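To be precise, the following lines are run.csv, and they hold CSV, C-alpha atoms.
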```
chain,number,residue,atom,x,y,z
A,1,MET,CA,-6.3,25.8,14.5
A,2,SER,CA,-9.9,25.2,13.2
A,3,ASN,CA,-8.5,23.1,10.3
A,4,ASP,CA,-6.4,21.2,12.7
A,5,THR,CA,-9.4,20.3,14.9
A,6,ARG,CA,-11.4,19.3,11.8
A,7,THR,CA,-8.6,16.9,10.8
A,8,LYS,CA,-8.3,15.5,14.3
A,9,LEU,CA,-12.1,14.8,14.2
A,10,LEU,CA,-11.9,13.2,10.8
A,11,GLU,CA,-9.0,10.9,11.9
A,12,GLY,CA,-10.8,10.2,15.1
A,13,ALA,CA,-13.9,9.1,13.3
A,14,LEU,CA,-11.9,6.7,11.1
A,15,THR,CA,-10.1,5.4,14.2
A,16,THR,CA,-13.3,4.8,16.1
A,17,LEU,CA,-14.9,3.0,13.1
A,18,THR,CA,-11.9,0.7,12.9
A,19,GLU,CA,-11.5,0.0,16.6
A,20,GLN,CA,-15.1,0.1,17.9
A,21,GLY,CA,-17.4,-0.3,14.9
A,22,ILE,CA,-20.4,1.7,13.7
A,23,ALA,CA,-22.6,0.7,16.6
A,24,LYS,CA,-20.3,2.3,19.1
A,25,THR,CA,-19.3,5.3,17.1
A,26,SER,CA,-20.7,8.5,18.7
A,27,ALA,CA,-19.8,12.1,19.3
A,28,ARG,CA,-18.3,11.0,22.6
A,29,THR,CA,-16.2,8.1,21.3
A,30,ILE,CA,-15.0,10.1,18.3
A,31,ALA,CA,-14.0,13.1,20.4
A,32,ALA,CA,-12.1,10.8,22.8
A,33,ALA,CA,-10.2,9.3,19.9
A,34,ALA,CA,-9.5,12.8,18.5
A,35,GLY,CA,-8.5,14.2,21.9
A,36,VAL,CA,-11.0,17.1,21.8
A,37,ASN,CA,-14.3,18.2,23.4
A,38,GLN,CA,-17.3,16.4,21.9
A,39,ALA,CA,-19.1,19.7,21.4
A,40,LEU,CA,-16.6,20.4,18.6
A,41,VAL,CA,-18.2,17.5,16.6
A,42,PHE,CA,-21.4,19.5,16.3
A,43,TYR,CA,-19.6,22.9,15.9
A,44,HIS,CA,-17.6,21.7,12.9
A,45,PHE,CA,-19.9,19.1,11.3
A,46,GLY,CA,-23.4,19.6,12.6
A,47,SER,CA,-24.0,15.9,13.4
A,48,VAL,CA,-22.2,12.6,13.8
A,49,ASP,CA,-23.6,11.4,10.4
A,50,GLU,CA,-22.1,14.5,8.7
A,51,LEU,CA,-18.8,13.9,10.3
A,52,LEU,CA,-18.8,10.2,9.2
A,53,ALA,CA,-19.7,11.3,5.7
A,54,ALA,CA,-16.8,13.7,5.6
A,55,ALA,CA,-14.4,11.2,7.2
A,56,CYS,CA,-15.4,8.6,4.5
A,57,ARG,CA,-14.3,11.0,1.7
A,58,HIS,CA,-11.3,12.1,3.6
A,59,GLY,CA,-10.1,8.6,4.1
A,60,ALA,CA,-10.7,7.6,0.5
A,61,GLU,CA,-8.8,10.6,-0.8
A,62,GLN,CA,-5.8,9.8,1.4
A,63,ARG,CA,-5.7,6.1,0.4
A,64,VAL,CA,-6.1,6.8,-3.4
A,65,ALA,CA,-3.3,9.4,-3.2
A,66,VAL,CA,-1.0,6.8,-1.6
A,67,HIS,CA,-1.4,4.4,-4.5
A,68,ARG,CA,-1.9,6.8,-7.4
A,69,ASP,CA,1.6,6.6,-8.8
A,70,ARG,CA,1.5,2.9,-9.0
A,71,LEU,CA,-1.9,2.9,-10.6
A,72,ASN,CA,-0.5,5.4,-13.2
A,73,GLY,CA,2.3,2.9,-14.0
A,74,VAL,CA,0.0,0.0,-14.8
A,75,ARG,CA,0.2,-1.1,-18.5
A,76,THR,CA,-1.5,-4.5,-18.6
A,77,LEU,CA,-4.5,-6.3,-17.0
A,78,GLY,CA,-2.0,-8.6,-15.3
A,79,GLU,CA,-0.2,-5.7,-13.7
A,80,LEU,CA,-3.6,-4.3,-12.6
A,81,LEU,CA,-4.5,-7.5,-10.9
A,82,ALA,CA,-1.0,-7.8,-9.3
A,83,LEU,CA,-1.4,-4.3,-8.0
A,84,GLY,CA,-4.9,-5.1,-6.8
A,85,ARG,CA,-3.5,-7.9,-4.7
A,86,ASP,CA,-0.9,-5.5,-3.1
A,87,LEU,CA,-3.5,-2.8,-2.5
A,88,HIS,CA,-5.8,-5.4,-0.9
A,89,ALA,CA,-3.1,-6.5,1.5
A,90,ALA,CA,-2.1,-2.9,2.3
A,91,GLU,CA,-5.6,-1.7,2.9
A,92,ARG,CA,-6.5,-4.7,5.0
A,93,ASP,CA,-3.4,-4.5,7.2
A,94,GLY,CA,-3.9,-0.8,7.7
A,95,GLY,CA,-7.4,-1.3,8.9
A,96,HIS,CA,-9.0,0.6,6.0
A,97,VAL,CA,-11.0,-2.4,4.9
A,98,ALA,CA,-12.6,-2.5,8.4
A,99,VAL,CA,-13.6,1.2,8.0
A,100,LEU,CA,-15.2,0.5,4.6
A,101,ALA,CA,-17.0,-2.5,6.0
A,102,GLN,CA,-18.4,-0.4,8.9
A,103,LEU,CA,-19.5,2.4,6.6
A,104,LEU,CA,-21.2,0.0,4.2
A,105,ALA,CA,-23.0,-1.6,7.2
A,106,GLY,CA,-24.0,1.8,8.6
A,107,ALA,CA,-25.3,3.0,5.2
A,108,GLN,CA,-27.9,0.2,5.3
A,109,THR,CA,-29.6,1.7,8.4
A,110,GLN,CA,-28.5,5.3,8.1
A,111,PRO,CA,-29.3,6.4,4.6
A,112,ARG,CA,-27.5,9.7,5.0
A,113,LEU,CA,-24.2,7.8,5.0
A,114,ALA,CA,-24.9,6.1,1.6
A,115,PRO,CA,-24.1,9.0,-0.7
A,116,ALA,CA,-20.8,9.7,1.1
A,117,THR,CA,-19.8,6.1,1.1
A,118,ALA,CA,-20.6,5.9,-2.6
A,119,ALA,CA,-18.6,9.0,-3.2
A,120,GLY,CA,-15.6,7.5,-1.4
A,121,LEU,CA,-15.9,4.3,-3.5
A,122,ALA,CA,-16.2,6.4,-6.7
A,123,LEU,CA,-12.7,7.9,-6.1
A,124,TRP,CA,-11.3,4.4,-6.4
A,125,THR,CA,-13.6,3.6,-9.4
A,126,GLU,CA,-12.4,6.7,-11.3
A,127,GLU,CA,-8.8,5.7,-10.8
A,128,ILE,CA,-9.5,2.2,-12.0
A,129,GLU,CA,-11.4,3.4,-15.0
A,130,GLN,CA,-8.5,5.6,-16.1
A,131,VAL,CA,-6.2,2.5,-15.8
A,132,LEU,CA,-8.6,0.3,-17.9
A,133,VAL,CA,-9.0,3.0,-20.6
A,134,ARG,CA,-5.2,3.1,-20.9
A,135,VAL,CA,-4.7,-0.7,-20.7
A,136,LEU,CA,-7.5,-1.6,-23.1
A,137,ALA,CA,-6.8,1.1,-25.7
A,138,GLY,CA,-6.9,-0.3,-29.2
A,139,SER,CA,-7.9,-3.8,-28.0
A,140,LEU,CA,-10.8,-5.9,-29.0
A,141,LEU,CA,-12.1,-5.7,-25.4
A,142,ALA,CA,-12.3,-2.0,-25.6
A,143,GLU,CA,-14.8,-2.3,-28.4
A,144,LEU,CA,-16.9,-5.1,-26.7
A,145,VAL,CA,-17.3,-3.9,-23.2
A,146,ASP,CA,-18.5,-0.7,-21.4
A,147,VAL,CA,-15.2,0.3,-19.7
A,148,ALA,CA,-16.9,2.6,-17.2
A,149,GLY,CA,-19.2,-0.3,-16.2
A,150,LEU,CA,-16.2,-2.7,-16.1
A,151,ALA,CA,-14.4,-0.3,-13.7
A,152,ARG,CA,-17.4,-0.4,-11.4
A,153,ALA,CA,-17.5,-4.2,-11.6
A,154,VAL,CA,-13.8,-4.4,-10.8
A,155,SER,CA,-14.3,-2.1,-7.8
A,156,ALA,CA,-17.3,-4.0,-6.5
A,157,ALA,CA,-15.4,-7.3,-6.9
A,158,PHE,CA,-12.4,-6.1,-4.9
A,159,VAL,CA,-14.7,-4.6,-2.2
A,160,GLY,CA,-16.6,-7.9,-2.0
A,161,LEU,CA,-13.4,-10.0,-1.9
A,162,GLU,CA,-11.9,-7.8,0.9
A,163,LEU,CA,-15.0,-8.3,3.0
A,164,PHE,CA,-15.3,-12.0,2.0
A,165,GLU,CA,-11.8,-12.7,3.1
A,166,GLY,CA,-12.7,-11.9,6.7
A,167,VAL,CA,-15.0,-15.0,6.8
A,168,ASP,CA,-13.4,-17.3,4.2
A,169,PRO,CA,-9.7,-16.5,3.6
A,170,ALA,CA,-9.2,-19.7,1.5
A,171,GLY,CA,-12.2,-18.9,-0.7
A,172,ALA,CA,-10.9,-15.4,-1.3
A,173,GLY,CA,-7.5,-16.8,-2.3
A,174,HIS,CA,-9.2,-19.1,-4.8
A,175,ALA,CA,-11.1,-16.1,-6.2
A,176,PHE,CA,-7.9,-14.1,-6.7
A,177,ALA,CA,-6.4,-17.1,-8.4
A,178,ALA,CA,-9.3,-17.3,-10.8
A,179,LEU,CA,-8.9,-13.6,-11.6
A,180,ASP,CA,-5.3,-14.2,-12.4
A,181,GLN,CA,-6.3,-17.0,-14.8
A,182,ILE,CA,-8.8,-14.6,-16.5
A,183,ALA,CA,-6.1,-12.0,-16.9
A,184,ASP,CA,-3.8,-14.6,-18.5
A,185,LEU,CA,-6.6,-15.7,-20.8
A,186,VAL,CA,-7.3,-12.2,-21.9
A,187,THR,CA,-3.7,-11.5,-22.5
A,188,ALA,CA,-3.4,-14.7,-24.6
A,189,LEU,CA,-6.4,-13.8,-26.6
A,190,GLU,CA,-5.2,-10.3,-27.3
A,191,GLU,CA,-1.8,-11.6,-28.4
A,192,LEU,CA,-3.5,-14.2,-30.7
A,193,GLY,CA,-5.6,-11.4,-32.2
A,194,ARG,CA,-2.5,-9.4,-33.0
A,195,LEU,CA,-0.8,-12.4,-34.6
A,196,THR,CA,-3.8,-13.2,-36.8
A,197,GLN,CA,-4.5,-9.6,-37.9
A,198,PRO,CA,-3.7,-9.1,-41.6
A,199,PRO,CA,-0.7,-6.8,-42.3
A,200,THR,CA,-1.5,-3.2,-42.7
A,201,PRO,CA,-1.2,-2.2,-46.4
A,202,GLY,CA,2.0,-0.2,-46.9
```
Structure re-expressed in structure tokens:
Amino acid sequence: MSNDTRTKLLEGALTTLTEQGIAKTSARTIAAAAGVNQALVFYHFGSVDELLAAACRHGAEQRVAVHRDRLNGVRTLGELLALGRDLHAAERDGGHVAVLAQLLAGAQTQPRLAPATAAGLALWTEEIEQVLVRVLAGSLLAELVDVAGLARAVSAAFVGLELFEGVDPAGAGHAFAALDQIADLVTALEELGRLTQPPTPG
């Protein structure tokens, strides 16, 4: 029963962030969304900030798990970008981008939220880094770039585009199109590199 209550509170926190925003997220509103007594917020988590921190990680773990099989199937940069578009649409339509936006906003004024928000983002970054390591293995790019840093840049770019789309959908569309062009260019350069490499001595 205790774990069930904790899960209800975690889900209630995410629902409240999505529907009411960080400014109206409180023990009372979270408890109402969870259908439990607000005293249980403090019994299980100690404070609203601690509950939000746990909810951030809980939400990220759930979302990463939903998409992990498809991430594991990516074999090219083009496929990664195509999947990124699908993830972007799914996360936006499910309200998960709104949760991320509220947590990022809250972390600016409530420093205790920052580590948990960063940890949630790190779950995505780790998955993307694994994909990039696999996709770039043996390529010229793998020797020229810091793959771990590139994974963080990709994560930051998609987070930024997700938030940017809320105010400029057309601009976000142009940005995605530019990323597609970059992926095509990289693929072409990699193919050219393979064609111009001298044959391996037999």
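Nearest to Gly35 of chain A of all the residues A:Arg152, A:Arg63, A:Arg6, A:Arg68 is A:Arg6, counting all atoms listed in the file.
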Given all atoms listed in the file as the basis, pick out the residue of A:Gln102, A:Thr18, A:Gln62, A:Thr7 nearest to Leu40 of chain A.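 For Leu40 of chain A, the nearest of the candidates is A:Thr7.
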With a distance cut-off of 9 Å and only C-alpha atoms, select the neighbouring residues of Ala98 of chain A, excluding the residue or stretch itself and same-chain residues fewer than 5 positions from it, and output the selection as an MDAnalysis selection string. chainID A and resid 17:19 21 91:92 103 163
Take the residues just selected and output them with C-alpha atoms as a compact mmCIF listing (two decimals), in the frame of the given file.
```
# COMPACT_ATOMS: atom_id res chain seq x y z
CA LEU A 17 -14.90 3.00 13.10
CA THR A 18 -11.90 0.70 12.90
CA GLU A 19 -11.50 0.00 16.60
CA GLY A 21 -17.40 -0.30 14.90
CA GLU A 91 -5.60 -1.70 2.90
CA ARG A 92 -6.50 -4.70 5.00
CA LEU A 103 -19.50 2.40 6.60
CA LEU A 163 -15.00 -8.30 3.00
```
Mind giving me the straight-line distance from atom CA of Ala90 of chain A to atom CA of Leu113 of chain A in Å, one decimal?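 Between atom CA of Ala90 of chain A and atom CA of Leu113 of chain A the gap works out to 24.7 Å.
Using all atoms listed in the file, the shortest contact distance between Glu61 of chain A and any of A:Asp146, A:Ala107, A:Ala170, A:Leu121 is found at A:Leu121.
The interatomic distance for the pair atom CA of Ala175 of chain A and atom CA of Gly120 of chain A works out to 24.5 Å.
Closest approach to Ala116 of chain A among A:Phe176, A:Gly166, A:Thr16, A:Ala55 is made by A:Ala55 (distances from all atoms listed in the file).
Candidate residues A:His174, A:Arg85, A:His67, A:Arg112 were compared for distance to Glu50 of chain A, and the nearest is A:Arg112, using only C-alpha atoms.
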Using all atoms listed in the file: which of A:Thr109, A:Gln181, A:Gln130, A:Ser2 has the shortest distance to Arg75 of chain A: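 Going through A:Thr109, A:Gln181, A:Gln130, A:Ser2 one by one, the smallest distance to Arg75 of chain A is for A:Gln130.
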Report as a list in words all protein, DNA and RNA residues lying within 7 Å of Glu129 of chain A, evaluated on all atoms listed in the file, omitting residues in the same chain fewer than 3 positions from it.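 In the requested format, the answer is Thr125, Glu126, Leu132, Val133, Val147, Ala148 and Ala151 of chain A.
Atom to atom, atom CA of Ala157 of chain A and atom CA of Leu104 of chain A stand 14.5 Å apart.
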Identify, on the basis of all atoms listed in the file, every residue whose closest approach to Ala34 of chain A does not exceed 6 Å; exclude the query and any residue fewer than 6 positions from it along the same chain; express the result as a PyMOL selection string. chain A and resi 8-9+12
